[in-house]
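Notes to accompany the following structure.
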Amino acid sequence: MAERLSPLARFEPVSTDDLRIAEIPFLTQVNLRVDPKSRAAADIGLALGAPLPTEPNTYASADSDVFWLGPDEWLIVGAGARADLEPRLRAAATGAVEAGRVHVGITDVSAQRTALVVGGPKARDLLAHGCALDLHPRTFGPGRCAQTMLARAQVLLAAREGGEFRVFVRSSFAGYLAAWLLDAAVEYLP
Amino acid sequence: MLLIPCPWCGPRDEAEFRYGGQAHVAYPEDPAALSDEEWARYLFFRDNPKGRFAERWNHTAGCRRWFNVVRDTATNEWVSA
Ligand SMILES: [Zn+2]
């Protein structure tokens with residue numbers, strides 16, 4: 001069997017008192033398109049243990065993390081390699097799809113992006129080097145997410161508890177972004 | 001750099017957007033019935049006012065939605081979203 005390599009398999013994680021940077025490889029990621037007012041959306045919310053977040057640029061955490069990507073689009077990220085996530089979502093939507101004219105798109109996109117954790121007291125300052133958003137906890141605290149540019153690469157950025165961030169980046173941009181993060185972090189590293 | 005008001009995400013940097021040109025340009029009801037000149041006018045001719053202009057933008061690096069906005073082309077002021 002072929003060995004599976006993550007996009008940042010050769011990235012040396014950073015771990016100091018000020019800063020932590022590491023890849024979280026192989027997360028199961030599913031893209032969901034559905035009318036938020038439909039029964040299918042409600043059923044999927046029930047299956048996930050939390051309603052799909054409808055406030056722009058927020059995410060809900062229950063069984064999985066559910067990120068708002070657009071008014072009818074979400075990214076559902078399961079912890080680790082959860083092969084059952086997509087089939088479970090399909091099963092949850094089946095009743096509503098068979099009952100009426102609702103269209104639901106459920107697509108496994110796990111290989112599309114990899115995830116980085118950027119944590120520690122200097123995490124916010126580091127990201128601010130390449131991100132135009134105001135990352136202050138007042139406007140970008142835990143539970144908030146945004147699709148934006150980090151060092152000119154398109155990312156999905158999420159703020160978590162304890163001043164930690166998740167950065168989802170396209171696999172083909174991951175090497176570039178990790179190198180940029182290390183370069184921007186020079187002043188925070190011993 | 002312009003700060004563009006996405007109706008979903010709020011104000012974001014111009015670099016996150018793609019310009020979509022003039023808004024409210026309707027597709028011809030019967031394209032086959034048009035003369036070459038009329039078809040060319042539909043395809044290529046757009047208003048170019050100094051002042052308020054209704055235009056389309058796509059938040060390509062964000063929520064990827066299209067939206068209409070009125071911009072003052074002389075001052076770059078966003079009149080309405
Ligand atoms: Zn947007």
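So you can find residues: chains in the structure tokens are A, B, ... in the order shown, residues in each start at 1, and ligands are numbered from 1 in order.
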
(request) Compile the residues of chain B that lie within 10 Å of chain A, evaluated using only C-alpha atoms, and express the compilation as a ChimeraX atom specification. (result) /B:7-13,15-16,59-65

(request) Run DSSP on the backbone and grab whatever in chain B lands in strand (DSSP E); send it over as a VMD selection string. (result) chain B and resid 3 to 6 10 to 13 18 to 22 52 to 58 66 to 72 78 to 80

(message) Residues of chain B classed as alpha helix (DSSP H) by DSSP on the backbone are to be reported as a VMD selection string.
(response) chain B and resid 36 to 44

Preceding selection exported with all heavy atoms as a PDB file, in the first residue's frame:
ATOM      1  N   ASP B  36     -25.848  41.817 -36.188  1.00  0.00           N
ATOM      2  CA  ASP B  36     -24.480  41.771 -35.656  1.00  0.00           C
ATOM      3  C   ASP B  36     -24.178  42.987 -34.787  1.00  0.00           C
ATOM      4  O   ASP B  36     -23.549  42.891 -33.746  1.00  0.00           O
ATOM      5  CB  ASP B  36     -23.461  41.705 -36.806  1.00  0.00           C
ATOM      6  CG  ASP B  36     -23.420  40.306 -37.401  1.00  0.00           C
ATOM      7  OD1 ASP B  36     -24.085  39.410 -36.836  1.00  0.00           O
ATOM      8  OD2 ASP B  36     -22.740  40.126 -38.433  1.00  0.00           O
ATOM      9  N   GLU B  37     -24.673  44.139 -35.244  1.00  0.00           N
ATOM     10  CA  GLU B  37     -24.379  45.357 -34.480  1.00  0.00           C
ATOM     11  C   GLU B  37     -25.071  45.331 -33.125  1.00  0.00           C
ATOM     12  O   GLU B  37     -24.472  45.684 -32.109  1.00  0.00           O
ATOM     13  CB  GLU B  37     -24.790  46.597 -35.262  1.00  0.00           C
ATOM     14  CG  GLU B  37     -24.225  47.842 -34.596  1.00  0.00           C
ATOM     15  CD  GLU B  37     -24.816  49.149 -35.098  1.00  0.00           C
ATOM     16  OE1 GLU B  37     -25.170  49.229 -36.287  1.00  0.00           O
ATOM     17  OE2 GLU B  37     -24.913  50.079 -34.271  1.00  0.00           O
ATOM     18  N   GLU B  38     -26.341  44.863 -33.117  1.00  0.00           N
ATOM     19  CA  GLU B  38     -27.064  44.803 -31.830  1.00  0.00           C
ATOM     20  C   GLU B  38     -26.389  43.823 -30.865  1.00  0.00           C
ATOM     21  O   GLU B  38     -26.286  44.068 -29.668  1.00  0.00           O
ATOM     22  CB  GLU B  38     -28.519  44.394 -32.071  1.00  0.00           C
ATOM     23  CG  GLU B  38     -29.353  45.507 -32.672  1.00  0.00           C
ATOM     24  CD  GLU B  38     -30.697  45.002 -33.215  1.00  0.00           C
ATOM     25  OE1 GLU B  38     -30.776  43.835 -33.654  1.00  0.00           O
ATOM     26  OE2 GLU B  38     -31.648  45.788 -33.179  1.00  0.00           O
ATOM     27  N   TRP B  39     -25.942  42.697 -31.416  1.00  0.00           N
ATOM     28  CA  TRP B  39     -25.260  41.690 -30.587  1.00  0.00           C
ATOM     29  C   TRP B  39     -23.946  42.257 -30.034  1.00  0.00           C
ATOM     30  O   TRP B  39     -23.626  42.079 -28.855  1.00  0.00           O
ATOM     31  CB  TRP B  39     -25.012  40.431 -31.417  1.00  0.00           C
ATOM     32  CG  TRP B  39     -24.329  39.319 -30.667  1.00  0.00           C
ATOM     33  CD1 TRP B  39     -23.110  38.800 -30.924  1.00  0.00           C
ATOM     34  CD2 TRP B  39     -24.847  38.582 -29.543  1.00  0.00           C
ATOM     35  NE1 TRP B  39     -22.819  37.797 -30.030  1.00  0.00           N
ATOM     36  CE2 TRP B  39     -23.872  37.644 -29.162  1.00  0.00           C
ATOM     37  CE3 TRP B  39     -26.039  38.649 -28.805  1.00  0.00           C
ATOM     38  CZ2 TRP B  39     -24.029  36.763 -28.101  1.00  0.00           C
ATOM     39  CZ3 TRP B  39     -26.204  37.764 -27.742  1.00  0.00           C
ATOM     40  CH2 TRP B  39     -25.215  36.838 -27.401  1.00  0.00           C
ATOM     41  N   ALA B  40     -23.215  42.968 -30.876  1.00  0.00           N
ATOM     42  CA  ALA B  40     -21.963  43.578 -30.431  1.00  0.00           C
ATOM     43  C   ALA B  40     -22.232  44.617 -29.344  1.00  0.00           C
ATOM     44  O   ALA B  40     -21.478  44.730 -28.382  1.00  0.00           O
ATOM     45  CB  ALA B  40     -21.234  44.213 -31.612  1.00  0.00           C
ATOM     46  N   ARG B  41     -23.326  45.348 -29.507  1.00  0.00           N
ATOM     47  CA  ARG B  41     -23.675  46.346 -28.488  1.00  0.00           C
ATOM     48  C   ARG B  41     -23.952  45.655 -27.159  1.00  0.00           C
ATOM     49  O   ARG B  41     -23.537  46.128 -26.104  1.00  0.00           O
ATOM     50  CB  ARG B  41     -24.901  47.165 -28.911  1.00  0.00           C
ATOM     51  CG  ARG B  41     -24.556  48.192 -29.925  1.00  0.00           C
ATOM     52  CD  ARG B  41     -25.586  49.308 -30.078  1.00  0.00           C
ATOM     53  NE  ARG B  41     -25.002  50.329 -30.951  1.00  0.00           N
ATOM     54  CZ  ARG B  41     -24.261  51.340 -30.502  1.00  0.00           C
ATOM     55  NH1 ARG B  41     -24.080  51.509 -29.209  1.00  0.00           N
ATOM     56  NH2 ARG B  41     -23.722  52.187 -31.345  1.00  0.00           N
ATOM     57  N   TYR B  42     -24.679  44.537 -27.204  1.00  0.00           N
ATOM     58  CA  TYR B  42     -24.960  43.805 -25.970  1.00  0.00           C
ATOM     59  C   TYR B  42     -23.659  43.296 -25.339  1.00  0.00           C
ATOM     60  O   TYR B  42     -23.437  43.388 -24.139  1.00  0.00           O
ATOM     61  CB  TYR B  42     -25.921  42.632 -26.238  1.00  0.00           C
ATOM     62  CG  TYR B  42     -25.870  41.607 -25.134  1.00  0.00           C
ATOM     63  CD1 TYR B  42     -26.375  41.908 -23.866  1.00  0.00           C
ATOM     64  CD2 TYR B  42     -25.260  40.369 -25.325  1.00  0.00           C
ATOM     65  CE1 TYR B  42     -26.289  40.982 -22.829  1.00  0.00           C
ATOM     66  CE2 TYR B  42     -25.166  39.447 -24.304  1.00  0.00           C
ATOM     67  CZ  TYR B  42     -25.688  39.759 -23.055  1.00  0.00           C
ATOM     68  OH  TYR B  42     -25.582  38.862 -22.043  1.00  0.00           O
ATOM     69  N   LEU B  43     -22.769  42.765 -26.181  1.00  0.00           N
ATOM     70  CA  LEU B  43     -21.550  42.151 -25.644  1.00  0.00           C
ATOM     71  C   LEU B  43     -20.552  43.173 -25.112  1.00  0.00           C
ATOM     72  O   LEU B  43     -19.967  42.977 -24.051  1.00  0.00           O
ATOM     73  CB  LEU B  43     -20.857  41.315 -26.726  1.00  0.00           C
ATOM     74  CG  LEU B  43     -21.417  39.941 -27.046  1.00  0.00           C
ATOM     75  CD1 LEU B  43     -20.506  39.256 -28.053  1.00  0.00           C
ATOM     76  CD2 LEU B  43     -21.532  39.087 -25.784  1.00  0.00           C
ATOM     77  N   PHE B  44     -20.349  44.236 -25.869  1.00  0.00           N
ATOM     78  CA  PHE B  44     -19.164  45.068 -25.626  1.00  0.00           C
ATOM     79  C   PHE B  44     -19.453  46.486 -25.142  1.00  0.00           C
ATOM     80  O   PHE B  44     -18.556  47.141 -24.633  1.00  0.00           O
ATOM     81  CB  PHE B  44     -18.314  45.144 -26.898  1.00  0.00           C
ATOM     82  CG  PHE B  44     -17.899  43.803 -27.420  1.00  0.00           C
ATOM     83  CD1 PHE B  44     -18.302  43.370 -28.671  1.00  0.00           C
ATOM     84  CD2 PHE B  44     -17.117  42.953 -26.643  1.00  0.00           C
ATOM     85  CE1 PHE B  44     -17.926  42.131 -29.159  1.00  0.00           C
ATOM     86  CE2 PHE B  44     -16.733  41.714 -27.116  1.00  0.00           C
ATOM     87  CZ  PHE B  44     -17.147  41.289 -28.375  1.00  0.00           C
TER      88      PHE B  44
END

(request) Within 12 Å of Val97 of chain A, counting only C-alpha atoms, which residues show up once you throw out same-chain ones fewer than 4 positions away? Write them as JSON, numbers by chain, please. (result) {"A": [34, 35, 38, 39, 40, 41, 43, 44, 90, 91, 92, 93, 101, 102, 103, 104, 105]}

Can I get the selection written as a PDB file, in the first residue's frame, with C-alpha atoms?
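Final output, saved to out_36.pdb:
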ATOM      1  CA  VAL A  34     -28.106  23.410   0.867  1.00  0.00           C
ATOM      2  CA  ASP A  35     -30.874  25.972   1.338  1.00  0.00           C
ATOM      3  CA  SER A  38     -34.938  23.630   4.023  1.00  0.00           C
ATOM      4  CA  ARG A  39     -35.811  20.533   6.011  1.00  0.00           C
ATOM      5  CA  ALA A  40     -32.591  18.965   4.692  1.00  0.00           C
ATOM      6  CA  ALA A  41     -30.558  21.711   6.421  1.00  0.00           C
ATOM      7  CA  ASP A  43     -31.929  17.324   9.432  1.00  0.00           C
ATOM      8  CA  ILE A  44     -28.213  17.731   8.762  1.00  0.00           C
ATOM      9  CA  ARG A  90     -25.891  11.908   2.964  1.00  0.00           C
ATOM     10  CA  ALA A  91     -28.038   9.678   5.160  1.00  0.00           C
ATOM     11  CA  ALA A  92     -29.269  12.712   7.128  1.00  0.00           C
ATOM     12  CA  ALA A  93     -30.302  14.530   3.930  1.00  0.00           C
ATOM     13  CA  ARG A 101     -37.672  19.265  -4.510  1.00  0.00           C
ATOM     14  CA  VAL A 102     -34.669  20.175  -2.424  1.00  0.00           C
ATOM     15  CA  HIS A 103     -31.185  20.029  -3.865  1.00  0.00           C
ATOM     16  CA  VAL A 104     -28.303  19.169  -1.584  1.00  0.00           C
ATOM     17  CA  GLY A 105     -24.625  18.993  -2.513  1.00  0.00           C
TER      18      GLY A 105
END

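Excluding Leu48 of chain A itself and any same-chain residue fewer than 2 positions from it, the protein and nucleic acid residues within 9 Å of it, counting only C-alpha atoms, are Asp43, Ile44, Gly45, Leu46, Ala50, Pro51, Leu52, Ala62, Asp63, Ser64, Val66 and Leu89 of chain A.
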
How would the residues just picked look written out with N, CA and C atoms as a PDB file, in the first residue's frame?
ATOM      1  N   ASP A  43     -32.278  18.729   9.154  1.00  0.00           N
ATOM      2  CA  ASP A  43     -31.929  17.324   9.432  1.00  0.00           C
ATOM      3  C   ASP A  43     -30.420  17.138   9.558  1.00  0.00           C
ATOM      4  N   ILE A  44     -29.671  17.832   8.692  1.00  0.00           N
ATOM      5  CA  ILE A  44     -28.213  17.731   8.762  1.00  0.00           C
ATOM      6  C   ILE A  44     -27.701  18.344  10.072  1.00  0.00           C
ATOM      7  N   GLY A  45     -28.312  19.469  10.468  1.00  0.00           N
ATOM      8  CA  GLY A  45     -27.956  20.081  11.747  1.00  0.00           C
ATOM      9  C   GLY A  45     -28.182  19.124  12.909  1.00  0.00           C
ATOM     10  N   LEU A  46     -29.322  18.414  12.866  1.00  0.00           N
ATOM     11  CA  LEU A  46     -29.627  17.434  13.919  1.00  0.00           C
ATOM     12  C   LEU A  46     -28.565  16.339  13.962  1.00  0.00           C
ATOM     13  N   ALA A  50     -25.697  20.284  16.050  1.00  0.00           N
ATOM     14  CA  ALA A  50     -25.816  21.745  16.155  1.00  0.00           C
ATOM     15  C   ALA A  50     -26.367  22.269  14.844  1.00  0.00           C
ATOM     16  N   PRO A  51     -27.274  23.271  14.904  1.00  0.00           N
ATOM     17  CA  PRO A  51     -27.797  23.824  13.652  1.00  0.00           C
ATOM     18  C   PRO A  51     -26.681  24.431  12.809  1.00  0.00           C
ATOM     19  N   LEU A  52     -26.836  24.400  11.483  1.00  0.00           N
ATOM     20  CA  LEU A  52     -25.861  25.033  10.593  1.00  0.00           C
ATOM     21  C   LEU A  52     -25.812  26.524  10.912  1.00  0.00           C
ATOM     22  N   ALA A  62     -19.668  21.045  17.285  1.00  0.00           N
ATOM     23  CA  ALA A  62     -20.391  20.012  18.026  1.00  0.00           C
ATOM     24  C   ALA A  62     -19.626  18.725  17.777  1.00  0.00           C
ATOM     25  N   ASP A  63     -20.268  17.813  17.110  1.00  0.00           N
ATOM     26  CA  ASP A  63     -19.642  16.577  16.666  1.00  0.00           C
ATOM     27  C   ASP A  63     -18.468  16.867  15.730  1.00  0.00           C
ATOM     28  N   SER A  64     -18.664  17.889  14.879  1.00  0.00           N
ATOM     29  CA  SER A  64     -17.622  18.365  13.962  1.00  0.00           C
ATOM     30  C   SER A  64     -17.621  19.888  14.031  1.00  0.00           C
ATOM     31  N   VAL A  66     -18.405  23.211  12.004  1.00  0.00           N
ATOM     32  CA  VAL A  66     -19.197  23.566  10.830  1.00  0.00           C
ATOM     33  C   VAL A  66     -18.955  25.038  10.521  1.00  0.00           C
ATOM     34  N   LEU A  89     -23.743  12.425   6.504  1.00  0.00           N
ATOM     35  CA  LEU A  89     -24.451  13.619   6.038  1.00  0.00           C
ATOM     36  C   LEU A  89     -25.434  13.244   4.936  1.00  0.00           C
TER      37      LEU A  89
END

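When the distance limit is 8 Å and only C-alpha atoms are what count, the residues near segment 76-79 of chain A, minus those fewer than 5 positions from it on the same chain, are A:Leu27, A:Thr28, A:Gln29, A:Val30, A:Asn31, A:Leu32, A:Asp63, A:Ser64, A:Asp65, A:Val66, A:Phe67, A:Leu85.
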
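The smallest atom-to-atom distance between ligand 1 and any of B:Trp66, B:Tyr19, B:Phe53, B:Tyr27, using only C-alpha atoms and all ligand atoms, is found for B:Trp66.
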
Non-local contacts of Val186 of chain A (12 Å; only C-alpha atoms; under 6 positions in same chain excluded) as a JSON list (two decimals) with N, CA, C and O atoms, in the first residue's frame:
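For reference, part_37.json as written:
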[["chain", "number", "residue", "atom", "x", "y", "z"],
["A", 14, "VAL", "N", 6.83, 24.17, 14.96],
["A", 14, "VAL", "CA", 7.44, 25.16, 15.85],
["A", 14, "VAL", "C", 6.75, 25.04, 17.20],
["A", 14, "VAL", "O", 5.52, 24.96, 17.27],
["A", 18, "ASP", "N", 6.21, 31.24, 23.05],
["A", 18, "ASP", "CA", 5.49, 32.31, 22.38],
["A", 18, "ASP", "C", 4.62, 31.84, 21.22],
["A", 18, "ASP", "O", 3.61, 32.46, 20.89],
["A", 19, "LEU", "N", 5.03, 30.73, 20.60],
["A", 19, "LEU", "CA", 4.41, 30.39, 19.33],
["A", 19, "LEU", "C", 4.39, 28.89, 19.09],
["A", 19, "LEU", "O", 5.36, 28.19, 19.38],
["A", 122, "LYS", "N", 1.95, 34.91, 20.63],
["A", 122, "LYS", "CA", 2.32, 35.73, 19.47],
["A", 122, "LYS", "C", 1.56, 35.33, 18.19],
["A", 122, "LYS", "O", 1.83, 35.87, 17.11],
["A", 126, "LEU", "N", 1.62, 37.32, 14.60],
["A", 126, "LEU", "CA", 2.22, 36.66, 13.45],
["A", 126, "LEU", "C", 1.27, 36.71, 12.25],
["A", 126, "LEU", "O", 1.65, 37.10, 11.15],
["A", 129, "HIS", "N", 0.81, 39.94, 10.26],
["A", 129, "HIS", "CA", 1.83, 40.33, 9.29],
["A", 129, "HIS", "C", 1.33, 40.20, 7.85],
["A", 129, "HIS", "O", 1.79, 40.89, 6.96],
["A", 179, "ALA", "N", 6.26, 28.21, 4.73],
["A", 179, "ALA", "CA", 7.55, 28.90, 4.63],
["A", 179, "ALA", "C", 7.39, 30.38, 4.98],
["A", 179, "ALA", "O", 8.22, 30.97, 5.67],
["A", 180, "TRP", "N", 6.28, 30.96, 4.51],
["A", 180, "TRP", "CA", 6.03, 32.37, 4.83],
["A", 180, "TRP", "C", 5.84, 32.57, 6.34],
["A", 180, "TRP", "O", 6.37, 33.51, 6.93]]

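Nearest to ligand 1 of all the residues B:Asn58, B:Thr75, B:Ser80, B:Ser35 is B:Asn58, counting only C-alpha atoms and all ligand atoms.
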
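In this structure, atom CA of Arg71 of chain B sits 12.0 Å away from atom CA of Asn48 of chain B.
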